[in-house]
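Let me begin by presenting the structure, written as structure tokens, before commenting on it.
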Amino acid sequence: MDLTETQQATLLASKLFAGVQRQDLPALLEDLRARLAVFPAGGVMVARGEQVREVGVVLAGQGRSLIVDGAGGELIVSLLEAGSFLGVLLAASRTRKSPVTVQATEETTVLFLPARELTRSPLLENFLDSVAEQSLSLNDRIDCLIRRSVREKVSTYLLRTAARQQSREIVLPLDREAMANYLNVERSALSRELSRMKEDGLIDYRKNVFRLLELH
């Protein structure tokens with residue numbers, strides 16, 4: 001399997017491959033029976049109701065997991081970017097089927113690894129750490145949803161994104177419609193609150209680039 005230098009760096013920076021040396025990577029991936037897949041924008045990486053037996057690591061691109069209600073409305077559950085895990089919790093459970101659809105929002109490259117091979121490999125401890133990390137990521141999502149006011153939801157999301165990107169100037173992977181969906185608020189209410197927060201000197205923004213000024 002031929003990975004680019006950037007893809008190798010993304011993989012080695014992930015918790016799943018912590019401690020692995022670059023020169024050992026090709027042989028390890030072969031032993032793990034890894035496979036590489038590229039999805040176009042809009043492509044389905046995991047379908048709702050699907051049995052998930054592989055763990056995915058996003059090497060390039062972006063995606064999202066979502067639930068579609070009976071009326072066709074979408075609720076974004078989580079966001080994916082380079083380095084994100086795909087299907088970790090489901091692969092670990094072995095029997096549960098996916099309650100969400102995971103979709104690429106741009107061309108996305110994913111490395112898939114059979115969970116069965118991971119549990120028999122030197123990466124078992126890393127795999128368990130990755131399960132814990134995914135659980136914490138879902139807790140972050142819940143933390144946004146349980147906030148009562150729109151400002152609290154927005155603030156929580158922006159601060160957590162800043163912590164992840166390690167910068168007070170951040171680039172959001174969502175347009176306003178998707179951001180409103182992710183925070184479970186009306187788009188008009190989101191736009192109003194962002195304007196108010198800008199007027200209050202808490203943030204500044206242009207399109208998807210935000211600067212956190214006095215937001216703590």
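Scheme for the structure tokens: letters A, B, ... for chains in order shown; per-chain residue numbers from 1; ligand numbers from 1 in order shown.
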Report as a compact mmCIF listing (two decimals) with N, CA, C and O atoms, in the first residue's frame all protein, DNA and RNA residues lying within 8 Å of range 101-111 of chain A, evaluated on only C-alpha atoms, omitting residues in the same chain fewer than 6 positions from it.
# COMPACT_ATOMS: atom_id res chain seq x y z
N ALA A 34 -4.95 -3.71 5.99
CA ALA A 34 -5.53 -2.38 5.78
C ALA A 34 -5.92 -2.19 4.33
O ALA A 34 -5.34 -2.77 3.42
N ARG A 35 -6.94 -1.36 4.12
CA ARG A 35 -7.34 -1.00 2.76
C ARG A 35 -7.61 0.49 2.70
O ARG A 35 -8.04 1.12 3.68
N LEU A 36 -7.35 1.07 1.55
CA LEU A 36 -7.52 2.50 1.34
C LEU A 36 -8.74 2.73 0.47
O LEU A 36 -8.96 2.02 -0.52
N ALA A 37 -9.57 3.71 0.83
CA ALA A 37 -10.77 4.01 0.05
C ALA A 37 -10.90 5.52 -0.12
O ALA A 37 -10.59 6.28 0.80
N VAL A 38 -11.33 5.93 -1.30
CA VAL A 38 -11.55 7.35 -1.59
C VAL A 38 -13.02 7.55 -1.92
O VAL A 38 -13.59 6.84 -2.76
N PHE A 39 -13.65 8.50 -1.22
CA PHE A 39 -15.07 8.78 -1.40
C PHE A 39 -15.25 10.17 -2.00
O PHE A 39 -14.61 11.13 -1.55
N PRO A 40 -16.13 10.31 -3.00
CA PRO A 40 -16.40 11.64 -3.56
C PRO A 40 -17.25 12.45 -2.60
O PRO A 40 -17.83 11.91 -1.65
N ALA A 41 -17.35 13.75 -2.83
CA ALA A 41 -18.24 14.59 -2.02
C ALA A 41 -19.66 14.03 -2.09
O ALA A 41 -20.17 13.74 -3.18
N GLY A 42 -20.27 13.83 -0.95
CA GLY A 42 -21.61 13.24 -0.90
C GLY A 42 -21.61 11.73 -0.80
O GLY A 42 -22.66 11.12 -0.57
N GLY A 43 -20.43 11.12 -0.94
CA GLY A 43 -20.35 9.67 -0.87
C GLY A 43 -20.59 9.15 0.53
O GLY A 43 -20.22 9.79 1.52
N VAL A 44 -21.24 8.00 0.64
CA VAL A 44 -21.56 7.40 1.94
C VAL A 44 -20.44 6.47 2.36
O VAL A 44 -20.13 5.49 1.66
N MET A 45 -19.83 6.77 3.50
CA MET A 45 -18.73 5.96 4.02
C MET A 45 -19.25 4.84 4.90
O MET A 45 -18.68 3.75 4.95
N VAL A 46 -20.31 5.13 5.64
CA VAL A 46 -21.01 4.11 6.44
C VAL A 46 -22.49 4.41 6.32
O VAL A 46 -22.92 5.55 6.51
N ALA A 47 -23.28 3.40 6.02
CA ALA A 47 -24.73 3.59 5.89
C ALA A 47 -25.42 3.25 7.19
O ALA A 47 -25.00 2.35 7.94
N ARG A 48 -26.48 3.97 7.48
CA ARG A 48 -27.27 3.67 8.67
C ARG A 48 -27.80 2.24 8.59
O ARG A 48 -28.28 1.79 7.54
N GLY A 56 -11.94 3.20 10.72
CA GLY A 56 -11.41 4.06 9.68
C GLY A 56 -10.64 5.22 10.27
O GLY A 56 -11.00 5.74 11.33
N VAL A 57 -9.57 5.62 9.60
CA VAL A 57 -8.83 6.83 9.96
C VAL A 57 -8.87 7.74 8.74
O VAL A 57 -8.45 7.34 7.65
N VAL A 58 -9.41 8.93 8.90
CA VAL A 58 -9.49 9.88 7.79
C VAL A 58 -8.10 10.43 7.52
O VAL A 58 -7.47 11.02 8.40
N LEU A 59 -7.61 10.24 6.30
CA LEU A 59 -6.27 10.71 5.93
C LEU A 59 -6.32 12.06 5.22
O LEU A 59 -5.34 12.81 5.25
N ALA A 60 -7.43 12.35 4.58
CA ALA A 60 -7.60 13.63 3.89
C ALA A 60 -9.08 13.85 3.64
O ALA A 60 -9.84 12.90 3.48
N GLY A 61 -9.48 15.12 3.63
CA GLY A 61 -10.87 15.45 3.36
C GLY A 61 -11.67 15.71 4.63
O GLY A 61 -11.12 15.78 5.73
N GLN A 62 -12.98 15.80 4.46
CA GLN A 62 -13.88 16.07 5.59
C GLN A 62 -15.18 15.30 5.41
O GLN A 62 -15.57 14.97 4.29
N GLY A 63 -15.83 15.02 6.52
CA GLY A 63 -17.11 14.33 6.47
C GLY A 63 -17.93 14.63 7.70
O GLY A 63 -17.55 15.44 8.55
N ARG A 64 -19.05 13.96 7.82
CA ARG A 64 -19.92 14.15 8.97
C ARG A 64 -20.78 12.92 9.15
O ARG A 64 -21.07 12.19 8.18
N SER A 65 -21.16 12.66 10.38
CA SER A 65 -22.14 11.60 10.64
C SER A 65 -23.45 12.29 10.97
O SER A 65 -23.46 13.32 11.67
N LEU A 66 -24.54 11.76 10.48
CA LEU A 66 -25.83 12.42 10.67
C LEU A 66 -26.96 11.43 10.78
O LEU A 66 -26.86 10.28 10.35
N ILE A 67 -28.02 11.92 11.39
CA ILE A 67 -29.26 11.16 11.51
C ILE A 67 -30.32 11.88 10.69
O ILE A 67 -30.44 13.11 10.78
Open item on the list: Residues of range 14-209 of chain A classed as strand (DSSP E) by DSSP on the backbone are to be reported as a PyMOL selection string.
Closed with: chain A and resi 35-39+44-46+54-60+63-68+74-80+85-86+101-104+108-114+169-171+203-206+209
Next, dump the selected residues to file, keeping only C-alpha atoms, as a PDB file, in the first residue's frame.
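File produced: selection-v4.pdb:
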ATOM      1  CA  ARG A  35      -7.345  -0.998   2.763  1.00  0.00           C
ATOM      2  CA  LEU A  36      -7.518   2.496   1.338  1.00  0.00           C
ATOM      3  CA  ALA A  37     -10.774   4.015   0.048  1.00  0.00           C
ATOM      4  CA  VAL A  38     -11.547   7.348  -1.591  1.00  0.00           C
ATOM      5  CA  PHE A  39     -15.066   8.784  -1.397  1.00  0.00           C
ATOM      6  CA  VAL A  44     -21.562   7.401   1.937  1.00  0.00           C
ATOM      7  CA  MET A  45     -18.725   5.957   4.017  1.00  0.00           C
ATOM      8  CA  VAL A  46     -21.006   4.114   6.439  1.00  0.00           C
ATOM      9  CA  GLU A  54     -13.644  -1.878  10.443  1.00  0.00           C
ATOM     10  CA  VAL A  55     -12.070   1.160  12.035  1.00  0.00           C
ATOM     11  CA  GLY A  56     -11.408   4.059   9.682  1.00  0.00           C
ATOM     12  CA  VAL A  57      -8.834   6.833   9.955  1.00  0.00           C
ATOM     13  CA  VAL A  58      -9.493   9.883   7.787  1.00  0.00           C
ATOM     14  CA  LEU A  59      -6.269  10.714   5.932  1.00  0.00           C
ATOM     15  CA  ALA A  60      -7.596  13.633   3.886  1.00  0.00           C
ATOM     16  CA  GLY A  63     -17.108  14.331   6.466  1.00  0.00           C
ATOM     17  CA  ARG A  64     -19.918  14.150   8.966  1.00  0.00           C
ATOM     18  CA  SER A  65     -22.142  11.603  10.637  1.00  0.00           C
ATOM     19  CA  LEU A  66     -25.827  12.424  10.668  1.00  0.00           C
ATOM     20  CA  ILE A  67     -29.261  11.165  11.513  1.00  0.00           C
ATOM     21  CA  VAL A  68     -32.134  11.725   9.092  1.00  0.00           C
ATOM     22  CA  GLU A  74     -30.832  16.091   9.157  1.00  0.00           C
ATOM     23  CA  LEU A  75     -29.127  16.312  12.539  1.00  0.00           C
ATOM     24  CA  ILE A  76     -25.322  16.351  12.465  1.00  0.00           C
ATOM     25  CA  VAL A  77     -23.932  14.076  15.167  1.00  0.00           C
ATOM     26  CA  SER A  78     -20.198  14.519  14.606  1.00  0.00           C
ATOM     27  CA  LEU A  79     -17.684  16.069  12.233  1.00  0.00           C
ATOM     28  CA  LEU A  80     -14.744  14.358  10.575  1.00  0.00           C
ATOM     29  CA  PHE A  85     -11.693   8.101  13.540  1.00  0.00           C
ATOM     30  CA  LEU A  86     -14.567   6.437  11.782  1.00  0.00           C
ATOM     31  CA  THR A 101     -25.015   7.682   8.135  1.00  0.00           C
ATOM     32  CA  VAL A 102     -21.433   8.843   7.654  1.00  0.00           C
ATOM     33  CA  GLN A 103     -21.020  11.000   4.563  1.00  0.00           C
ATOM     34  CA  ALA A 104     -18.095  12.752   2.881  1.00  0.00           C
ATOM     35  CA  THR A 108     -12.213  12.074   1.433  1.00  0.00           C
ATOM     36  CA  THR A 109      -9.558   9.397   1.778  1.00  0.00           C
ATOM     37  CA  VAL A 110      -9.968   6.827   4.543  1.00  0.00           C
ATOM     38  CA  LEU A 111      -7.725   3.997   5.693  1.00  0.00           C
ATOM     39  CA  PHE A 112      -9.829   1.075   6.950  1.00  0.00           C
ATOM     40  CA  LEU A 113      -8.509  -1.538   9.385  1.00  0.00           C
ATOM     41  CA  PRO A 114     -10.422  -4.683  10.412  1.00  0.00           C
ATOM     42  CA  GLU A 169      -8.079  32.061  15.177  1.00  0.00           C
ATOM     43  CA  ILE A 170      -9.957  29.087  13.827  1.00  0.00           C
ATOM     44  CA  VAL A 171     -11.444  27.835  10.591  1.00  0.00           C
ATOM     45  CA  ILE A 203     -15.531  37.370  18.536  1.00  0.00           C
ATOM     46  CA  ASP A 204     -14.750  38.573  15.055  1.00  0.00           C
ATOM     47  CA  TYR A 205     -15.355  36.588  11.910  1.00  0.00           C
ATOM     48  CA  ARG A 206     -15.403  36.599   8.161  1.00  0.00           C
ATOM     49  CA  VAL A 209     -12.707  32.202   9.824  1.00  0.00           C
TER      50      VAL A 209
END
Could you give me, as CSV, a per-residue list for range 9-76 of chain A showing, wherever an atom lies at most 10 Å from an atom of range 122-143 of chain A, the closest pair of atoms and their distance in Å to one decimal, using only C-alpha atoms and sorting by chain then residue number from low to high?
residue,atom,partner,partner_atom,distance
A:Ser14,CA,A:Ser130,CA,8.8
A:Lys15,CA,A:Ser130,CA,6.1
A:Leu16,CA,A:Asn126,CA,4.8
A:Phe17,CA,A:Asn126,CA,6.8
A:Ala18,CA,A:Asn126,CA,6.9
A:Gly19,CA,A:Asn126,CA,9.2
A:Val20,CA,A:Leu123,CA,9.0
A:Leu28,CA,A:Pro122,CA,9.4
A:Leu32,CA,A:Leu123,CA,9.8
A:Val55,CA,A:Phe127,CA,9.2
A:Ile76,CA,A:Arg141,CA,9.8
Would you export the selected residues with all heavy atoms as a PDB file, in the first residue's frame, please?
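That gives us result11.pdb:
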ATOM      1  N   SER A  14      -1.973   9.982  14.736  1.00  0.00           N
ATOM      2  CA  SER A  14      -3.219   9.552  15.379  1.00  0.00           C
ATOM      3  C   SER A  14      -2.919   8.701  16.598  1.00  0.00           C
ATOM      4  O   SER A  14      -1.867   8.063  16.703  1.00  0.00           O
ATOM      5  CB  SER A  14      -4.084   8.753  14.397  1.00  0.00           C
ATOM      6  OG  SER A  14      -3.530   7.471  14.160  1.00  0.00           O
ATOM      7  N   LYS A  15      -3.851   8.692  17.533  1.00  0.00           N
ATOM      8  CA  LYS A  15      -3.686   7.907  18.762  1.00  0.00           C
ATOM      9  C   LYS A  15      -3.573   6.421  18.453  1.00  0.00           C
ATOM     10  O   LYS A  15      -2.862   5.681  19.142  1.00  0.00           O
ATOM     11  CB  LYS A  15      -4.869   8.164  19.700  1.00  0.00           C
ATOM     12  CG  LYS A  15      -4.693   7.574  21.097  1.00  0.00           C
ATOM     13  CD  LYS A  15      -5.818   7.977  22.012  1.00  0.00           C
ATOM     14  CE  LYS A  15      -5.775   9.454  22.332  1.00  0.00           C
ATOM     15  NZ  LYS A  15      -4.609   9.798  23.185  1.00  0.00           N
ATOM     16  N   LEU A  16      -4.231   5.977  17.396  1.00  0.00           N
ATOM     17  CA  LEU A  16      -4.214   4.560  17.058  1.00  0.00           C
ATOM     18  C   LEU A  16      -2.815   4.065  16.710  1.00  0.00           C
ATOM     19  O   LEU A  16      -2.459   2.922  16.982  1.00  0.00           O
ATOM     20  CB  LEU A  16      -5.175   4.296  15.890  1.00  0.00           C
ATOM     21  CG  LEU A  16      -5.390   2.844  15.484  1.00  0.00           C
ATOM     22  CD1 LEU A  16      -5.924   2.028  16.653  1.00  0.00           C
ATOM     23  CD2 LEU A  16      -6.345   2.757  14.303  1.00  0.00           C
ATOM     24  N   PHE A  17      -1.994   4.937  16.109  1.00  0.00           N
ATOM     25  CA  PHE A  17      -0.657   4.530  15.680  1.00  0.00           C
ATOM     26  C   PHE A  17       0.443   5.156  16.537  1.00  0.00           C
ATOM     27  O   PHE A  17       1.588   5.244  16.102  1.00  0.00           O
ATOM     28  CB  PHE A  17      -0.459   4.869  14.199  1.00  0.00           C
ATOM     29  CG  PHE A  17      -1.144   3.899  13.276  1.00  0.00           C
ATOM     30  CD1 PHE A  17      -2.496   4.032  12.997  1.00  0.00           C
ATOM     31  CD2 PHE A  17      -0.464   2.832  12.720  1.00  0.00           C
ATOM     32  CE1 PHE A  17      -3.148   3.133  12.169  1.00  0.00           C
ATOM     33  CE2 PHE A  17      -1.094   1.929  11.894  1.00  0.00           C
ATOM     34  CZ  PHE A  17      -2.446   2.071  11.612  1.00  0.00           C
ATOM     35  N   ALA A  18       0.089   5.558  17.749  1.00  0.00           N
ATOM     36  CA  ALA A  18       1.083   6.141  18.656  1.00  0.00           C
ATOM     37  C   ALA A  18       2.213   5.148  18.908  1.00  0.00           C
ATOM     38  O   ALA A  18       1.980   3.965  19.177  1.00  0.00           O
ATOM     39  CB  ALA A  18       0.414   6.526  19.980  1.00  0.00           C
ATOM     40  N   GLY A  19       3.444   5.628  18.781  1.00  0.00           N
ATOM     41  CA  GLY A  19       4.605   4.779  19.046  1.00  0.00           C
ATOM     42  C   GLY A  19       5.104   3.999  17.852  1.00  0.00           C
ATOM     43  O   GLY A  19       6.168   3.368  17.915  1.00  0.00           O
ATOM     44  N   VAL A  20       4.379   4.015  16.742  1.00  0.00           N
ATOM     45  CA  VAL A  20       4.803   3.292  15.537  1.00  0.00           C
ATOM     46  C   VAL A  20       5.827   4.132  14.780  1.00  0.00           C
ATOM     47  O   VAL A  20       5.638   5.333  14.586  1.00  0.00           O
ATOM     48  CB  VAL A  20       3.586   2.969  14.630  1.00  0.00           C
ATOM     49  CG1 VAL A  20       4.053   2.312  13.336  1.00  0.00           C
ATOM     50  CG2 VAL A  20       2.597   2.080  15.366  1.00  0.00           C
ATOM     51  N   LEU A  28       3.359  -3.187   8.951  1.00  0.00           N
ATOM     52  CA  LEU A  28       2.258  -3.243   9.912  1.00  0.00           C
ATOM     53  C   LEU A  28       0.911  -3.170   9.208  1.00  0.00           C
ATOM     54  O   LEU A  28      -0.017  -3.928   9.532  1.00  0.00           O
ATOM     55  CB  LEU A  28       2.393  -2.105  10.915  1.00  0.00           C
ATOM     56  CG  LEU A  28       1.306  -2.006  11.989  1.00  0.00           C
ATOM     57  CD1 LEU A  28       1.233  -3.284  12.805  1.00  0.00           C
ATOM     58  CD2 LEU A  28       1.554  -0.802  12.890  1.00  0.00           C
ATOM     59  N   LEU A  32      -2.090  -5.925   9.144  1.00  0.00           N
ATOM     60  CA  LEU A  32      -3.429  -5.569   9.610  1.00  0.00           C
ATOM     61  C   LEU A  32      -4.493  -5.678   8.513  1.00  0.00           C
ATOM     62  O   LEU A  32      -5.667  -5.462   8.764  1.00  0.00           O
ATOM     63  CB  LEU A  32      -3.432  -4.142  10.163  1.00  0.00           C
ATOM     64  CG  LEU A  32      -2.660  -3.924  11.467  1.00  0.00           C
ATOM     65  CD1 LEU A  32      -2.581  -2.428  11.787  1.00  0.00           C
ATOM     66  CD2 LEU A  32      -3.317  -4.671  12.612  1.00  0.00           C
ATOM     67  N   VAL A  55     -12.353  -0.169  11.511  1.00  0.00           N
ATOM     68  CA  VAL A  55     -12.070   1.160  12.035  1.00  0.00           C
ATOM     69  C   VAL A  55     -11.462   1.977  10.898  1.00  0.00           C
ATOM     70  O   VAL A  55     -10.572   1.496  10.187  1.00  0.00           O
ATOM     71  CB  VAL A  55     -11.070   1.086  13.206  1.00  0.00           C
ATOM     72  CG1 VAL A  55     -10.634   2.481  13.631  1.00  0.00           C
ATOM     73  CG2 VAL A  55     -11.687   0.335  14.372  1.00  0.00           C
ATOM     74  N   ILE A  76     -26.729  16.731  12.495  1.00  0.00           N
ATOM     75  CA  ILE A  76     -25.322  16.351  12.465  1.00  0.00           C
ATOM     76  C   ILE A  76     -24.915  15.864  13.846  1.00  0.00           C
ATOM     77  O   ILE A  76     -25.105  16.554  14.842  1.00  0.00           O
ATOM     78  CB  ILE A  76     -24.439  17.530  12.032  1.00  0.00           C
ATOM     79  CG1 ILE A  76     -24.796  17.967  10.606  1.00  0.00           C
ATOM     80  CG2 ILE A  76     -22.960  17.146  12.107  1.00  0.00           C
ATOM     81  CD1 ILE A  76     -24.063  19.210  10.139  1.00  0.00           C
TER      82      ILE A  76
END
Task: Contacts of Arg160 in chain A at 12 Å (only C-alpha atoms; same-chain gap of 4+ positions) as a VMD selection string - done: chain A and resid 137 139 to 141 143 to 144 153 to 156 164 to 168 170 172 212 215 to 216
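Taking CA of Phe210 in chain A as the reference point, CA of Glu152 in chain A is found at 16.3 Å.
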